[in-house]
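The structure appears right after this line, and notes come after that.
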Amino acid sequence: MIWQLVDPDSDYQKINLTFTLIDRTGTIQVDVFIHDEWPHNPFDHLRATFKFRTTMGQLDDLCAQLKRFIRRETDHVASLYER
(Lines give C-alpha, C1' and ligand atoms only; values in the text may rest on other atoms or scores of the structure.)
Protein backbone atom coordinates (compact mmCIF):
# COMPACT_ATOMS: atom_id res chain seq x y z
CA MET A 1 0.00 0.00 0.00
CA ILE A 2 1.28 3.48 -0.83
CA TRP A 3 0.25 6.67 0.98
CA GLN A 4 1.05 10.08 -0.49
CA LEU A 5 0.69 13.62 0.77
CA VAL A 6 -2.74 15.06 -0.08
CA ASP A 7 -1.39 17.13 -3.01
CA PRO A 8 0.73 14.73 -5.14
CA ASP A 9 1.10 17.43 -7.83
CA SER A 10 2.97 19.81 -5.52
CA ASP A 11 6.53 20.53 -6.63
CA TYR A 12 7.60 21.68 -3.17
CA GLN A 13 6.23 19.07 -0.81
CA LYS A 14 6.17 15.34 -1.43
CA ILE A 15 5.81 12.61 1.16
CA ASN A 16 5.37 8.98 0.13
CA LEU A 17 5.04 6.04 2.51
CA THR A 18 5.07 2.52 1.07
CA PHE A 19 3.91 -0.28 3.39
CA THR A 20 4.97 -3.87 2.65
CA LEU A 21 3.90 -6.89 4.70
CA ILE A 22 7.05 -8.87 5.61
CA ASP A 23 5.61 -11.90 7.41
CA ARG A 24 2.42 -13.43 8.83
CA THR A 25 3.10 -12.13 12.34
CA GLY A 26 2.31 -8.55 11.24
CA THR A 27 5.83 -7.25 10.66
CA ILE A 28 5.84 -4.58 7.99
CA GLN A 29 8.47 -2.52 6.23
CA VAL A 30 7.82 1.19 5.69
CA ASP A 31 9.76 2.91 2.90
CA VAL A 32 9.73 6.70 3.37
CA PHE A 33 10.48 9.43 0.82
CA ILE A 34 10.31 13.10 1.88
CA HIS A 35 10.98 16.17 -0.24
CA ASP A 36 10.02 19.43 1.48
CA GLU A 37 11.37 22.62 -0.06
CA TRP A 38 10.14 26.20 -0.08
CA PRO A 39 11.07 28.41 -3.06
CA HIS A 40 11.18 31.63 -1.01
CA ASN A 41 13.76 30.23 1.44
CA PRO A 42 16.65 28.23 -0.06
CA PHE A 43 17.81 27.14 3.43
CA ASP A 44 14.45 25.68 4.46
CA HIS A 45 14.38 22.28 2.80
CA LEU A 46 14.52 18.60 3.68
CA ARG A 47 15.15 15.58 1.52
CA ALA A 48 15.21 12.12 3.04
CA THR A 49 14.81 8.51 1.99
CA PHE A 50 14.86 5.73 4.55
CA LYS A 51 13.11 2.53 5.59
CA PHE A 52 12.24 0.83 8.84
CA ARG A 53 10.45 -2.28 10.08
CA THR A 54 7.74 -2.31 12.71
CA THR A 55 4.56 -4.20 13.57
CA MET A 56 0.94 -3.45 12.73
CA GLY A 57 0.18 -3.06 16.45
CA GLN A 58 2.74 -0.27 16.78
CA LEU A 59 1.29 1.50 13.74
CA ASP A 60 -2.23 1.19 15.20
CA ASP A 61 -0.97 2.79 18.41
CA LEU A 62 0.75 5.59 16.45
CA CYS A 63 -2.45 6.21 14.48
CA ALA A 64 -4.50 6.53 17.67
CA GLN A 65 -1.94 8.92 19.18
CA LEU A 66 -1.87 11.07 16.03
CA LYS A 67 -5.68 11.31 16.06
CA ARG A 68 -5.59 12.56 19.68
CA PHE A 69 -2.84 15.04 18.73
CA ILE A 70 -4.82 16.38 15.74
CA ARG A 71 -7.94 16.77 17.93
CA ARG A 72 -5.72 18.70 20.40
CA GLU A 73 -6.41 16.21 23.17
CA THR A 74 -2.65 15.91 23.77
CA ASP A 75 0.41 18.00 22.92
CA HIS A 76 2.83 15.16 22.14
CA VAL A 77 3.01 11.81 20.37
CA ALA A 78 4.96 9.32 22.48
CA SER A 79 5.52 6.84 19.61
CA LEU A 80 7.66 9.39 17.78
CA TYR A 81 10.14 9.81 20.62
CA GLU A 82 13.23 7.65 20.92
CA ARG A 83 13.03 5.53 24.02
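In the C-alpha coordinates, chains take the letters A, B, ... in the order shown, each chain's residues start at 1, and ligands count up from 1 in the order shown.
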query = Near A:Lys14, within 7 Å and counting only C-alpha atoms, which residues show up once chain neighbours fewer than 3 positions away are dropped, as a VMD selection string?
reply = chain A and resid 5 8 10 34 to 36
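Secondary structure by DSSP on the backbone puts the following residues of chain A in helix (DSSP H, G or I): Met56, Gly57, Gln58, Leu59, Asp60, Asp61, Leu62, Cys63, Ala64, Gln65, Leu66, Lys67, Arg68, Phe69, Ile70, Ala78, Ser79 and Leu80 of chain A.
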message = Taking only C-alpha atoms into account, name the residue in A:Leu62, A:Ala78, A:Leu17, A:Ile22 that is nearest to A:Phe50.
response =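 Distance minimum relative to A:Phe50 lands on A:Leu17.
Between atom CA of A:Leu21 and atom CA of A:Asp7 lies a distance of 25.8 Å.
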query = Do you have the atom CA of A:Gly57-atom CA of A:Thr20 distance handy?
reply =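 That distance, rounded to one decimal, is 14.6 Å.
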